[in-house]
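Undergrad: Quick one: this structure, given as structure tokens, is what I'll be asking you about.
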Amino acid sequence: MQALTPHVYWAQRHGEIYLRVEISDAQLDALSFRLCDFCLFCSFQGKGHGAKGENEYEFSLEFLKPVKPEVKHKSTQRQVNITVKKQEHVWWNRLTKQEKKPLFLAPDFDRWLDESDAEMELREKEEKINKINIESRVRKDPFLGLKKGFLFMYNLVQLLGYSWIFVNMTVRLFILGQDSFYDTFHTIADVMYFCQMLAIMEVINPAVGLVKTGVMPAFIQVMGRNFILFVIFGTLEEMQNKPVVFFVFYLWSMIEIFRYPFYMLACIDTEWKLLTWLRYTIWIPLYPLGVLAEAVAVIQSIPIFDETKLLSIPLPKAIGTSLSFSYILQLYLVIMFLGLFINFRHLFKQRSRRFHTKKRKAN
């Protein structure tokens, strides 16, 4: 019986050679290997269906460099997957000693990587092993479940609060049109007060180690919003009927109805791809628009503070009567846009790191 040569597909890593032997017209039976430092000889029998009948298949390869005298293989009805370990962890320019490739040999593009990709894969495996080793040595937090439960409930409450604000304002906008702009504060303020007072936890949580985010970006955002809510809108009745209140509240709520469910699901190790994309993308237009609306509110309040002398700082008679709070507001405008730059940079880094990591995992 004349032996037939099967199709053999190959790929490599720094320490291994992968061979995939395919027989498209036979089911495999007996299988044998002979392996020395440089050579691999493989033979097996296959029972075909049709003209070829029962045949014997064999091939041999003379490797470019020495390999270890051990073969791992896994057989199915139509193919054999063979793994051969290299003597040295080095990258080969080709598989065989002879420069001309045998006709039956071809690259296995399902497993093919170039040298740089293989090195990256090797580093990722080493990092994963190191991470597992470190995690196995680190003592598990006995309160981890309690912490995650607290964070889950916090994000859930905030999601419900901001969802109520967003839905309420949207419905009123469709029913009342522009008239809804002028009584937003009196309709929404109580729930917004609750949500923004509760948001102080977003500064406390990283400060005590409950979450790994930075304290400063959270402090800038939470304190900035509370300044607008409690000082600009809360102390000036003249500001409470202005349309700018609608735009500030609406933009805040639009950002948070995507942010809080993302963090809530992260507490239970769950991820929705669309929600992740929205959480890290929708803030790009909305966040600067929100800061712009806050700046408009500050600018509109300056003449009111000048006129009413509210929150003015008394000065000695030799210097003057008082220092108007409007000067503090003008300084605050500068700080506000500086905070926008800091937070924007921080959020962009978060977004880049998030999607770069997901892309590496996908590859």
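Residue numbering restarts at 1 in every chain; chains get A, B, ... in the order shown in the structure tokens, and ligands count up from 1 in that same order.
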Pick out each residue of region 55-291 of chain A that DSSP on the backbone tags as strand (DSSP E or B); I need them as a PyMOL selection string.
TA: chain A and resi 55-63+67-75+79-86+96+105-107
Undergrad: Please tabulate, as JSON lines, the residues of region 198-274 of chain A that come within 12 Å of region 288-302 of chain A, each with its closest pair of atoms and the distance in Å to one decimal, counting only C-alpha atoms and ordering rows by chain, then residue number upward.
TA:
{"residue": "A:Ile220", "atom": "CA", "partner": "A:Val291", "partner_atom": "CA", "distance": 11.8}
{"residue": "A:Gln221", "atom": "CA", "partner": "A:Val291", "partner_atom": "CA", "distance": 9.9}
{"residue": "A:Gly224", "atom": "CA", "partner": "A:Glu294", "partner_atom": "CA", "distance": 9.1}
{"residue": "A:Arg225", "atom": "CA", "partner": "A:Glu294", "partner_atom": "CA", "distance": 8.3}
{"residue": "A:Asn226", "atom": "CA", "partner": "A:Glu294", "partner_atom": "CA", "distance": 11.0}
{"residue": "A:Phe227", "atom": "CA", "partner": "A:Glu294", "partner_atom": "CA", "distance": 9.9}
{"residue": "A:Ile228", "atom": "CA", "partner": "A:Glu294", "partner_atom": "CA", "distance": 6.8}
{"residue": "A:Leu229", "atom": "CA", "partner": "A:Glu294", "partner_atom": "CA", "distance": 9.5}
{"residue": "A:Val231", "atom": "CA", "partner": "A:Val298", "partner_atom": "CA", "distance": 9.8}
{"residue": "A:Ile232", "atom": "CA", "partner": "A:Ser301", "partner_atom": "CA", "distance": 6.8}
{"residue": "A:Phe233", "atom": "CA", "partner": "A:Ala297", "partner_atom": "CA", "distance": 8.4}
{"residue": "A:Gly234", "atom": "CA", "partner": "A:Ser301", "partner_atom": "CA", "distance": 11.5}
{"residue": "A:Thr235", "atom": "CA", "partner": "A:Ser301", "partner_atom": "CA", "distance": 10.4}
{"residue": "A:Leu236", "atom": "CA", "partner": "A:Ser301", "partner_atom": "CA", "distance": 8.0}
{"residue": "A:Glu237", "atom": "CA", "partner": "A:Ser301", "partner_atom": "CA", "distance": 10.5}
{"residue": "A:Glu238", "atom": "CA", "partner": "A:Ser301", "partner_atom": "CA", "distance": 8.5}
{"residue": "A:Met239", "atom": "CA", "partner": "A:Ser301", "partner_atom": "CA", "distance": 6.9}
{"residue": "A:Gln240", "atom": "CA", "partner": "A:Ala297", "partner_atom": "CA", "distance": 10.2}
{"residue": "A:Asn241", "atom": "CA", "partner": "A:Ala297", "partner_atom": "CA", "distance": 11.6}
{"residue": "A:Lys242", "atom": "CA", "partner": "A:Ala297", "partner_atom": "CA", "distance": 8.8}
{"residue": "A:Pro243", "atom": "CA", "partner": "A:Ala297", "partner_atom": "CA", "distance": 9.5}
{"residue": "A:Val244", "atom": "CA", "partner": "A:Ala297", "partner_atom": "CA", "distance": 6.2}
{"residue": "A:Val245", "atom": "CA", "partner": "A:Ala297", "partner_atom": "CA", "distance": 7.6}
{"residue": "A:Phe246", "atom": "CA", "partner": "A:Ala293", "partner_atom": "CA", "distance": 9.5}
{"residue": "A:Phe247", "atom": "CA", "partner": "A:Ala293", "partner_atom": "CA", "distance": 6.5}
{"residue": "A:Val248", "atom": "CA", "partner": "A:Ala293", "partner_atom": "CA", "distance": 5.6}
{"residue": "A:Phe249", "atom": "CA", "partner": "A:Gly290", "partner_atom": "CA", "distance": 8.7}
{"residue": "A:Tyr250", "atom": "CA", "partner": "A:Gly290", "partner_atom": "CA", "distance": 8.8}
{"residue": "A:Leu251", "atom": "CA", "partner": "A:Gly290", "partner_atom": "CA", "distance": 5.6}
{"residue": "A:Trp252", "atom": "CA", "partner": "A:Gly290", "partner_atom": "CA", "distance": 6.7}
{"residue": "A:Ser253", "atom": "CA", "partner": "A:Gly290", "partner_atom": "CA", "distance": 10.1}
{"residue": "A:Met254", "atom": "CA", "partner": "A:Gly290", "partner_atom": "CA", "distance": 9.9}
{"residue": "A:Ile255", "atom": "CA", "partner": "A:Gly290", "partner_atom": "CA", "distance": 9.3}
{"residue": "A:Glu256", "atom": "CA", "partner": "A:Gly290", "partner_atom": "CA", "distance": 11.9}
Undergrad: Identify, on the basis of only C-alpha atoms, every residue whose closest approach to Val203 (chain A) does not exceed 7 Å; exclude the query and any residue fewer than 6 positions from it along the same chain; express the result as a PyMOL selection string.
TA: chain A and resi 215+218-219
Undergrad: Write out the residues from the selection above, keeping N, CA and C atoms, as an mmCIF file, in the first residue's frame.
TA:
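Contents of the output file selection-v9.cif:
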data_model
loop_
_atom_site.group_PDB
_atom_site.id
_atom_site.type_symbol
_atom_site.label_atom_id
_atom_site.label_comp_id
_atom_site.auth_asym_id
_atom_site.auth_seq_id
_atom_site.Cartn_x
_atom_site.Cartn_y
_atom_site.Cartn_z
ATOM 1 N N VAL A 215 -9.093 60.912 44.613
ATOM 2 C CA VAL A 215 -9.933 61.775 45.451
ATOM 3 C C VAL A 215 -10.159 63.129 44.783
ATOM 4 N N ALA A 218 -12.949 63.577 41.976
ATOM 5 C CA ALA A 218 -14.275 63.479 42.596
ATOM 6 C C ALA A 218 -14.583 64.727 43.421
ATOM 7 N N PHE A 219 -13.590 65.220 44.149
ATOM 8 C CA PHE A 219 -13.778 66.414 44.974
ATOM 9 C C PHE A 219 -14.139 67.623 44.104
#
Undergrad: So the first atom is CA of Ile82 (chain A) and the second is CA of Tyr18 (chain A); what is the distance between them in Å, to one decimal place?
TA: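 Computed distance, CA of Ile82 (chain A) to CA of Tyr18 (chain A), equals 5.9 Å.
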Undergrad: Please provide the set of residues having any atom within 10 Å of Ile342 (chain A), restricted to only C-alpha atoms, with same-chain residues fewer than 5 positions apart removed, written as a PyMOL selection string.
TA: chain A and resi 216-217+220+336-337+347
Undergrad: Need the shell around Gln158 (chain A): protein/DNA/RNA residues with any atom at most 12 Å away, counting only C-alpha atoms. Skip same-chain ones fewer than 3 positions apart. Format as a PyMOL selection string?
TA: chain A and resi 151-155+161-165+191-202+253+255-264
Undergrad: Step one, run DSSP on the backbone; step two, keep only residues of region 104-169 of chain A assigned to helix (DSSP H, G or I); then write them as a PyMOL selection string.
TA: chain A and resi 115-137+144-169
Undergrad: Can you tell me which residues surround Lys65 (chain A) at a distance of at most 12 Å, considering only C-alpha atoms, apart from same-chain residues fewer than 3 positions away, and format the answer as a ChimeraX atom specification?
TA: /A:15-17,36-40,61-62,68,84-98
Undergrad: To one decimal in Å, tell me the separation between CA of Leu113 (chain A) and CA of Leu19 (chain A).
TA: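 Separating CA of Leu113 (chain A) from CA of Leu19 (chain A) is a distance of 14.0 Å.
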Undergrad: Nearest to Thr83 (chain A): which of A:Leu105, A:Phe63, A:Asn130, A:Arg20 is it, counting only C-alpha atoms?
TA: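 Under the stated criterion, the closest residue is A:Arg20.
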Undergrad: Please measure the separation of CA of Glu56 (chain A) and CA of Pro107 (chain A), giving the value in Å to one decimal.
TA: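 The value is 23.7 Å.
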Undergrad: Determine the nearest neighbour of Trp283 (chain A) from the options A:Leu173, A:Tyr327, A:Thr270, A:Phe344, counting only C-alpha atoms.
TA: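 Result for the nearest residue to Trp283 (chain A): A:Phe344.
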Undergrad: Here is a test: counting only C-alpha atoms, which residue of A:Arg78, A:Lys147, A:Lys140, A:Lys100 is nearest to Leu64 (chain A)?
TA: A:Lys100
Undergrad: Here is a test: counting only C-alpha atoms, which residue of A:His7, A:Arg345, A:Lys212, A:Arg351 is nearest to Asp108 (chain A)?
TA: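 Using only C-alpha atoms, Asp108 (chain A) sits closest to A:His7.
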Undergrad: Can you tell me which residues surround Thr187 (chain A) at a distance of at most 10 Å, considering only C-alpha atoms, apart from same-chain residues fewer than 6 positions away, and format the answer as a ChimeraX atom specification?
TA: /A:165,168-169,180
Undergrad: Next, write the just-selected residues to a file, as a short mmCIF file (atom, residue, chain, number, x, y, z; two decimals), in the first residue's frame, keeping N, CA and C atoms as the atom set.
TA:
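Okay, result-v1.cif is ready:
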data_model
loop_
_atom_site.label_atom_id
_atom_site.label_comp_id
_atom_site.auth_asym_id
_atom_site.auth_seq_id
_atom_site.Cartn_x
_atom_site.Cartn_y
_atom_site.Cartn_z
N ILE A 165 -35.31 62.44 38.13
CA ILE A 165 -35.10 63.82 37.67
C ILE A 165 -35.17 63.90 36.15
N ASN A 168 -38.78 63.09 34.83
CA ASN A 168 -39.70 64.16 35.21
C ASN A 168 -39.48 65.39 34.32
N MET A 169 -38.23 65.78 34.13
CA MET A 169 -37.93 66.96 33.32
C MET A 169 -38.27 66.73 31.86
N SER A 180 -41.70 74.92 30.98
CA SER A 180 -41.11 74.06 32.02
C SER A 180 -39.75 74.57 32.46
#
